[in-house]
Amino acid sequence: MIGRIEGKLLEKRGGEILVDVQGLGYELSVPMTTLFSLPAQGHQVVLFVHLVVREDAQLLYGFSGRAERDLFRQMIKVSGVGPKVALAILSGLDAAAFRRCVEAEDTATLIRLPGIGRKTAERLLLDLRDRLDGVGSSAEAPAVTVQSDDPMREAEAALIALGYRPQEAAKAVAGASNELGESECCSEDLIRLALKRMVSA
């Protein structure tokens, strides 16, 4: 199984990236928390990876830290939680924040995330309560932001890909843009603030 890759970051498209490893391009789906920590295109990156093999595809999921990758692996073992839902959770909450939700039995924060109903949130908290030793205890990687041609549209597309409704995504991004008050804010800033607003609403 592929557990780690190192190479040049070629593309960033919402929640997907392309990494060149000695001439071979790897497509990876990543949570927004990882996307925020990536350098600009053309720079070297190191990612912890989880490979999912299906009948019709082999899918790679990348994470900036081992804690996020390990938490992802624990999440997809929970009934009703697949890779897409796990990525949505890790896009709204980093590993440390998720651990705090589990310790506080905080279902309210989880059900604000797309694709997470009350039963799924309760199942996550119950199943992962005793399986998070060491997960989320490391420091969060510093965020590195990159300018895009149309940051608001890119931010909306990323939120829609996570499972938010188009109107909901547009409203959250518009609110984030107004709060930032900058004429040229980047998509990563917009996504981060929009997610924060939706999760804490």
# chains A, B, ... in the order shown; residues from 1 in each chain; ligands from 1
call {"tool": "residues_around", "arguments": {"residues": "A:Ala86", "least_positions_apart": "2", "cutoff": "12 Å", "atoms": "only C-alpha atoms", "output": "PyMOL selection string"}}
result
chain A and resi 29-32+61+68-84+88-95+98+110+113-116+120-121+124+162-163
call {"tool": "residues_around", "arguments": {"residues": "A:Glu6", "least_positions_apart": "5", "cutoff": "12 Å", "atoms": "only C-alpha atoms", "output": "PDB file with N, CA and C atoms, in the first residue's frame"}}
result
ATOM      1  N   LEU A  18      -2.574  17.439  -8.053  1.00  0.00           N
ATOM      2  CA  LEU A  18      -1.764  16.577  -8.908  1.00  0.00           C
ATOM      3  C   LEU A  18      -0.306  16.747  -8.502  1.00  0.00           C
ATOM      4  N   VAL A  19       0.338  15.626  -8.162  1.00  0.00           N
ATOM      5  CA  VAL A  19       1.725  15.659  -7.701  1.00  0.00           C
ATOM      6  C   VAL A  19       2.587  14.830  -8.648  1.00  0.00           C
ATOM      7  N   ASP A  20       3.671  15.436  -9.134  1.00  0.00           N
ATOM      8  CA  ASP A  20       4.602  14.752 -10.022  1.00  0.00           C
ATOM      9  C   ASP A  20       5.703  14.088  -9.185  1.00  0.00           C
ATOM     10  N   VAL A  21       5.771  12.746  -9.279  1.00  0.00           N
ATOM     11  CA  VAL A  21       6.804  11.990  -8.581  1.00  0.00           C
ATOM     12  C   VAL A  21       7.668  11.309  -9.637  1.00  0.00           C
ATOM     13  N   GLN A  22       8.803  11.934  -9.939  1.00  0.00           N
ATOM     14  CA  GLN A  22       9.747  11.407 -10.928  1.00  0.00           C
ATOM     15  C   GLN A  22       9.071  11.094 -12.262  1.00  0.00           C
ATOM     16  N   GLY A  23       8.265  12.046 -12.723  1.00  0.00           N
ATOM     17  CA  GLY A  23       7.626  11.917 -14.026  1.00  0.00           C
ATOM     18  C   GLY A  23       6.270  11.250 -14.026  1.00  0.00           C
ATOM     19  N   LEU A  24       5.853  10.703 -12.895  1.00  0.00           N
ATOM     20  CA  LEU A  24       4.545  10.057 -12.788  1.00  0.00           C
ATOM     21  C   LEU A  24       3.619  10.957 -11.985  1.00  0.00           C
ATOM     22  N   GLY A  25       2.473  11.313 -12.572  1.00  0.00           N
ATOM     23  CA  GLY A  25       1.546  12.224 -11.912  1.00  0.00           C
ATOM     24  C   GLY A  25       0.513  11.488 -11.083  1.00  0.00           C
ATOM     25  N   TYR A  26       0.452  11.807  -9.804  1.00  0.00           N
ATOM     26  CA  TYR A  26      -0.517  11.195  -8.899  1.00  0.00           C
ATOM     27  C   TYR A  26      -1.639  12.193  -8.610  1.00  0.00           C
ATOM     28  N   HIS A  43       6.265  23.788  -6.204  1.00  0.00           N
ATOM     29  CA  HIS A  43       7.096  23.494  -5.035  1.00  0.00           C
ATOM     30  C   HIS A  43       6.984  22.021  -4.651  1.00  0.00           C
ATOM     31  N   GLN A  44       7.949  21.557  -3.877  1.00  0.00           N
ATOM     32  CA  GLN A  44       7.962  20.176  -3.403  1.00  0.00           C
ATOM     33  C   GLN A  44       6.958  20.002  -2.253  1.00  0.00           C
ATOM     34  N   VAL A  45       6.300  18.857  -2.231  1.00  0.00           N
ATOM     35  CA  VAL A  45       5.373  18.543  -1.151  1.00  0.00           C
ATOM     36  C   VAL A  45       5.623  17.116  -0.664  1.00  0.00           C
ATOM     37  N   VAL A  46       5.307  16.879   0.588  1.00  0.00           N
ATOM     38  CA  VAL A  46       5.341  15.538   1.163  1.00  0.00           C
ATOM     39  C   VAL A  46       3.963  15.282   1.762  1.00  0.00           C
ATOM     40  N   LEU A  47       3.323  14.198   1.356  1.00  0.00           N
ATOM     41  CA  LEU A  47       1.975  13.894   1.817  1.00  0.00           C
ATOM     42  C   LEU A  47       1.883  12.464   2.324  1.00  0.00           C
ATOM     43  N   PHE A  48       1.147  12.293   3.415  1.00  0.00           N
ATOM     44  CA  PHE A  48       0.799  10.954   3.870  1.00  0.00           C
ATOM     45  C   PHE A  48      -0.434  10.525   3.083  1.00  0.00           C
ATOM     46  N   VAL A  49      -0.464   9.277   2.663  1.00  0.00           N
ATOM     47  CA  VAL A  49      -1.448   8.832   1.671  1.00  0.00           C
ATOM     48  C   VAL A  49      -2.211   7.611   2.150  1.00  0.00           C
ATOM     49  N   GLY A  62      -4.783  12.263   0.163  1.00  0.00           N
ATOM     50  CA  GLY A  62      -3.553  12.810   0.710  1.00  0.00           C
ATOM     51  C   GLY A  62      -3.791  13.716   1.906  1.00  0.00           C
ATOM     52  N   PHE A  63      -2.814  13.720   2.820  1.00  0.00           N
ATOM     53  CA  PHE A  63      -2.934  14.488   4.055  1.00  0.00           C
ATOM     54  C   PHE A  63      -1.581  15.088   4.421  1.00  0.00           C
ATOM     55  N   SER A  64      -1.610  16.311   4.929  1.00  0.00           N
ATOM     56  CA  SER A  64      -0.359  17.000   5.259  1.00  0.00           C
ATOM     57  C   SER A  64       0.311  16.407   6.485  1.00  0.00           C
TER      58      SER A  64
END
call {"tool": "atom_distance", "arguments": {"atom1": "atom CA of A:Ser187", "atom2": "atom CA of A:Arg153"}}
result
8.2 Å
call {"tool": "select_by_dssp", "arguments": {"residues": "stretch 2-175 of chain A", "states": "strand (DSSP E)", "output": "MDAnalysis selection string"}}
result
chainID A and resid 4:13 16:21 24:29 44:53 58:63
call {"tool": "residues_around", "arguments": {"residues": "A:Arg13", "least_positions_apart": "6", "cutoff": "10 Å", "atoms": "only C-alpha atoms", "output": "count of residues only"}}
result
5
call {"tool": "closest_residue", "arguments": {"among": "A:Met1, A:Met198, A:Leu180, A:Met152", "to": "A:Val52", "atoms": "only C-alpha atoms"}}
result
A:Met1
call {"tool": "atom_distance", "arguments": {"atom1": "atom CA of A:Phe36", "atom2": "atom CA of A:Glu156"}}
result
15.3 Å
call {"tool": "closest_residue", "arguments": {"among": "A:Val173, A:Glu27, A:Arg99, A:Thr109", "to": "A:Ala155", "atoms": "only C-alpha atoms"}}
result
A:Val173
call {"tool": "closest_residue", "arguments": {"among": "A:Ala97, A:Ile17, A:Leu59, A:Ala194", "to": "A:Gly175", "atoms": "only C-alpha atoms"}}
result
A:Ala194
call {"tool": "select_by_dssp", "arguments": {"residues": "chain A", "states": "helix (DSSP H, G or I)", "output": "MDAnalysis selection string"}}
result
chainID A and resid 32:37 66:75 83:92 95:104 107:110 118:128 151:162 166:180 187:200
call {"tool": "write_last_selection", "arguments": {"atoms": "C-alpha atoms", "output": "PDB file, in the first residue's frame"}}
result
ATOM      1  CA  MET A  32      -9.329  21.585   2.900  1.00  0.00           C
ATOM      2  CA  THR A  33      -7.136  21.520   6.015  1.00  0.00           C
ATOM      3  CA  THR A  34      -4.421  19.910   3.895  1.00  0.00           C
ATOM      4  CA  LEU A  35      -5.049  22.208   0.926  1.00  0.00           C
ATOM      5  CA  PHE A  36      -4.466  25.247   3.162  1.00  0.00           C
ATOM      6  CA  SER A  37      -1.058  23.930   4.208  1.00  0.00           C
ATOM      7  CA  ARG A  66       0.087  11.623   9.835  1.00  0.00           C
ATOM      8  CA  ALA A  67      -2.575  12.527  12.433  1.00  0.00           C
ATOM      9  CA  GLU A  68      -5.092  13.518   9.742  1.00  0.00           C
ATOM     10  CA  ARG A  69      -4.340  10.381   7.705  1.00  0.00           C
ATOM     11  CA  ASP A  70      -4.695   8.147  10.749  1.00  0.00           C
ATOM     12  CA  LEU A  71      -7.958   9.846  11.740  1.00  0.00           C
ATOM     13  CA  PHE A  72      -9.275   9.410   8.177  1.00  0.00           C
ATOM     14  CA  ARG A  73      -8.515   5.685   8.409  1.00  0.00           C
ATOM     15  CA  GLN A  74     -10.365   5.423  11.708  1.00  0.00           C
ATOM     16  CA  MET A  75     -13.357   7.342  10.353  1.00  0.00           C
ATOM     17  CA  PRO A  83     -14.063   8.506   2.219  1.00  0.00           C
ATOM     18  CA  LYS A  84     -16.162  11.440   0.913  1.00  0.00           C
ATOM     19  CA  VAL A  85     -17.825  12.007   4.294  1.00  0.00           C
ATOM     20  CA  ALA A  86     -14.505  11.625   6.118  1.00  0.00           C
ATOM     21  CA  LEU A  87     -12.925  14.254   3.829  1.00  0.00           C
ATOM     22  CA  ALA A  88     -15.845  16.608   4.477  1.00  0.00           C
ATOM     23  CA  ILE A  89     -15.329  16.235   8.236  1.00  0.00           C
ATOM     24  CA  LEU A  90     -11.589  16.860   7.968  1.00  0.00           C
ATOM     25  CA  SER A  91     -12.252  19.875   5.756  1.00  0.00           C
ATOM     26  CA  GLY A  92     -14.348  21.502   8.468  1.00  0.00           C
ATOM     27  CA  ALA A  95      -7.622  16.404  13.822  1.00  0.00           C
ATOM     28  CA  ALA A  96      -7.258  18.354  17.082  1.00  0.00           C
ATOM     29  CA  ALA A  97     -10.704  19.956  16.735  1.00  0.00           C
ATOM     30  CA  PHE A  98     -12.303  16.594  15.959  1.00  0.00           C
ATOM     31  CA  ARG A  99     -10.634  15.072  19.005  1.00  0.00           C
ATOM     32  CA  ARG A 100     -12.099  17.859  21.144  1.00  0.00           C
ATOM     33  CA  CYS A 101     -15.570  17.056  19.727  1.00  0.00           C
ATOM     34  CA  VAL A 102     -15.158  13.407  20.693  1.00  0.00           C
ATOM     35  CA  GLU A 103     -13.906  14.214  24.189  1.00  0.00           C
ATOM     36  CA  ALA A 104     -16.770  16.676  24.763  1.00  0.00           C
ATOM     37  CA  THR A 107     -22.640  16.198  18.233  1.00  0.00           C
ATOM     38  CA  ALA A 108     -23.866  19.741  17.507  1.00  0.00           C
ATOM     39  CA  THR A 109     -20.628  20.734  15.770  1.00  0.00           C
ATOM     40  CA  LEU A 110     -20.493  17.537  13.702  1.00  0.00           C
ATOM     41  CA  ARG A 118     -27.333  13.087  14.112  1.00  0.00           C
ATOM     42  CA  LYS A 119     -27.116   9.280  13.978  1.00  0.00           C
ATOM     43  CA  THR A 120     -23.831   9.382  12.068  1.00  0.00           C
ATOM     44  CA  ALA A 121     -22.412  11.985  14.466  1.00  0.00           C
ATOM     45  CA  GLU A 122     -23.394   9.898  17.489  1.00  0.00           C
ATOM     46  CA  ARG A 123     -21.926   6.764  15.904  1.00  0.00           C
ATOM     47  CA  LEU A 124     -18.640   8.579  15.200  1.00  0.00           C
ATOM     48  CA  LEU A 125     -18.369   9.815  18.769  1.00  0.00           C
ATOM     49  CA  LEU A 126     -19.178   6.378  20.202  1.00  0.00           C
ATOM     50  CA  ASP A 127     -16.969   4.306  17.884  1.00  0.00           C
ATOM     51  CA  LEU A 128     -13.938   6.605  17.987  1.00  0.00           C
ATOM     52  CA  PRO A 151     -11.138  33.028  -5.683  1.00  0.00           C
ATOM     53  CA  MET A 152     -14.861  33.333  -4.918  1.00  0.00           C
ATOM     54  CA  ARG A 153     -15.871  30.923  -7.673  1.00  0.00           C
ATOM     55  CA  GLU A 154     -13.101  28.500  -6.705  1.00  0.00           C
ATOM     56  CA  ALA A 155     -14.145  28.651  -3.047  1.00  0.00           C
ATOM     57  CA  GLU A 156     -17.789  27.993  -3.935  1.00  0.00           C
ATOM     58  CA  ALA A 157     -16.814  25.032  -6.126  1.00  0.00           C
ATOM     59  CA  ALA A 158     -14.712  23.547  -3.336  1.00  0.00           C
ATOM     60  CA  LEU A 159     -17.571  23.816  -0.827  1.00  0.00           C
ATOM     61  CA  ILE A 160     -20.034  22.268  -3.294  1.00  0.00           C
ATOM     62  CA  ALA A 161     -17.596  19.395  -3.861  1.00  0.00           C
ATOM     63  CA  LEU A 162     -17.627  18.807  -0.094  1.00  0.00           C
ATOM     64  CA  PRO A 166     -24.818  25.702  -4.114  1.00  0.00           C
ATOM     65  CA  GLN A 167     -26.930  28.412  -2.459  1.00  0.00           C
ATOM     66  CA  GLU A 168     -25.445  27.583   0.938  1.00  0.00           C
ATOM     67  CA  ALA A 169     -21.902  27.692  -0.465  1.00  0.00           C
ATOM     68  CA  ALA A 170     -22.483  30.982  -2.283  1.00  0.00           C
ATOM     69  CA  LYS A 171     -23.951  32.617   0.827  1.00  0.00           C
ATOM     70  CA  ALA A 172     -21.095  31.445   3.045  1.00  0.00           C
ATOM     71  CA  VAL A 173     -18.413  32.589   0.586  1.00  0.00           C
ATOM     72  CA  ALA A 174     -20.084  35.977   0.131  1.00  0.00           C
ATOM     73  CA  GLY A 175     -20.220  36.408   3.912  1.00  0.00           C
ATOM     74  CA  ALA A 176     -16.580  35.399   4.232  1.00  0.00           C
ATOM     75  CA  SER A 177     -15.588  37.862   1.507  1.00  0.00           C
ATOM     76  CA  ASN A 178     -17.422  40.689   3.266  1.00  0.00           C
ATOM     77  CA  GLU A 179     -15.822  39.805   6.585  1.00  0.00           C
ATOM     78  CA  LEU A 180     -12.324  39.707   5.130  1.00  0.00           C
ATOM     79  CA  SER A 187      -9.643  31.166  -2.281  1.00  0.00           C
ATOM     80  CA  GLU A 188      -8.017  29.358   0.656  1.00  0.00           C
ATOM     81  CA  ASP A 189      -8.826  32.285   2.978  1.00  0.00           C
ATOM     82  CA  LEU A 190     -12.411  32.323   1.720  1.00  0.00           C
ATOM     83  CA  ILE A 191     -12.855  28.556   2.118  1.00  0.00           C
ATOM     84  CA  ARG A 192     -11.350  28.551   5.593  1.00  0.00           C
ATOM     85  CA  LEU A 193     -13.553  31.385   6.845  1.00  0.00           C
ATOM     86  CA  ALA A 194     -16.684  30.100   5.067  1.00  0.00           C
ATOM     87  CA  LEU A 195     -16.241  26.669   6.656  1.00  0.00           C
ATOM     88  CA  LYS A 196     -15.671  28.268  10.052  1.00  0.00           C
ATOM     89  CA  ARG A 197     -18.843  30.331   9.680  1.00  0.00           C
ATOM     90  CA  MET A 198     -20.937  27.304   8.666  1.00  0.00           C
ATOM     91  CA  VAL A 199     -19.578  25.004  11.369  1.00  0.00           C
ATOM     92  CA  SER A 200     -20.043  27.578  14.129  1.00  0.00           C
TER      93      SER A 200
END
call {"tool": "closest_residue", "arguments": {"among": "A:His50, A:Glu55, A:Leu38, A:Arg112", "to": "A:Lys12", "atoms": "only C-alpha atoms"}}
result
A:Leu38
call {"tool": "atom_distance", "arguments": {"atom1": "atom CA of A:Gly65", "atom2": "atom CA of A:Arg4"}}
result
10.3 Å
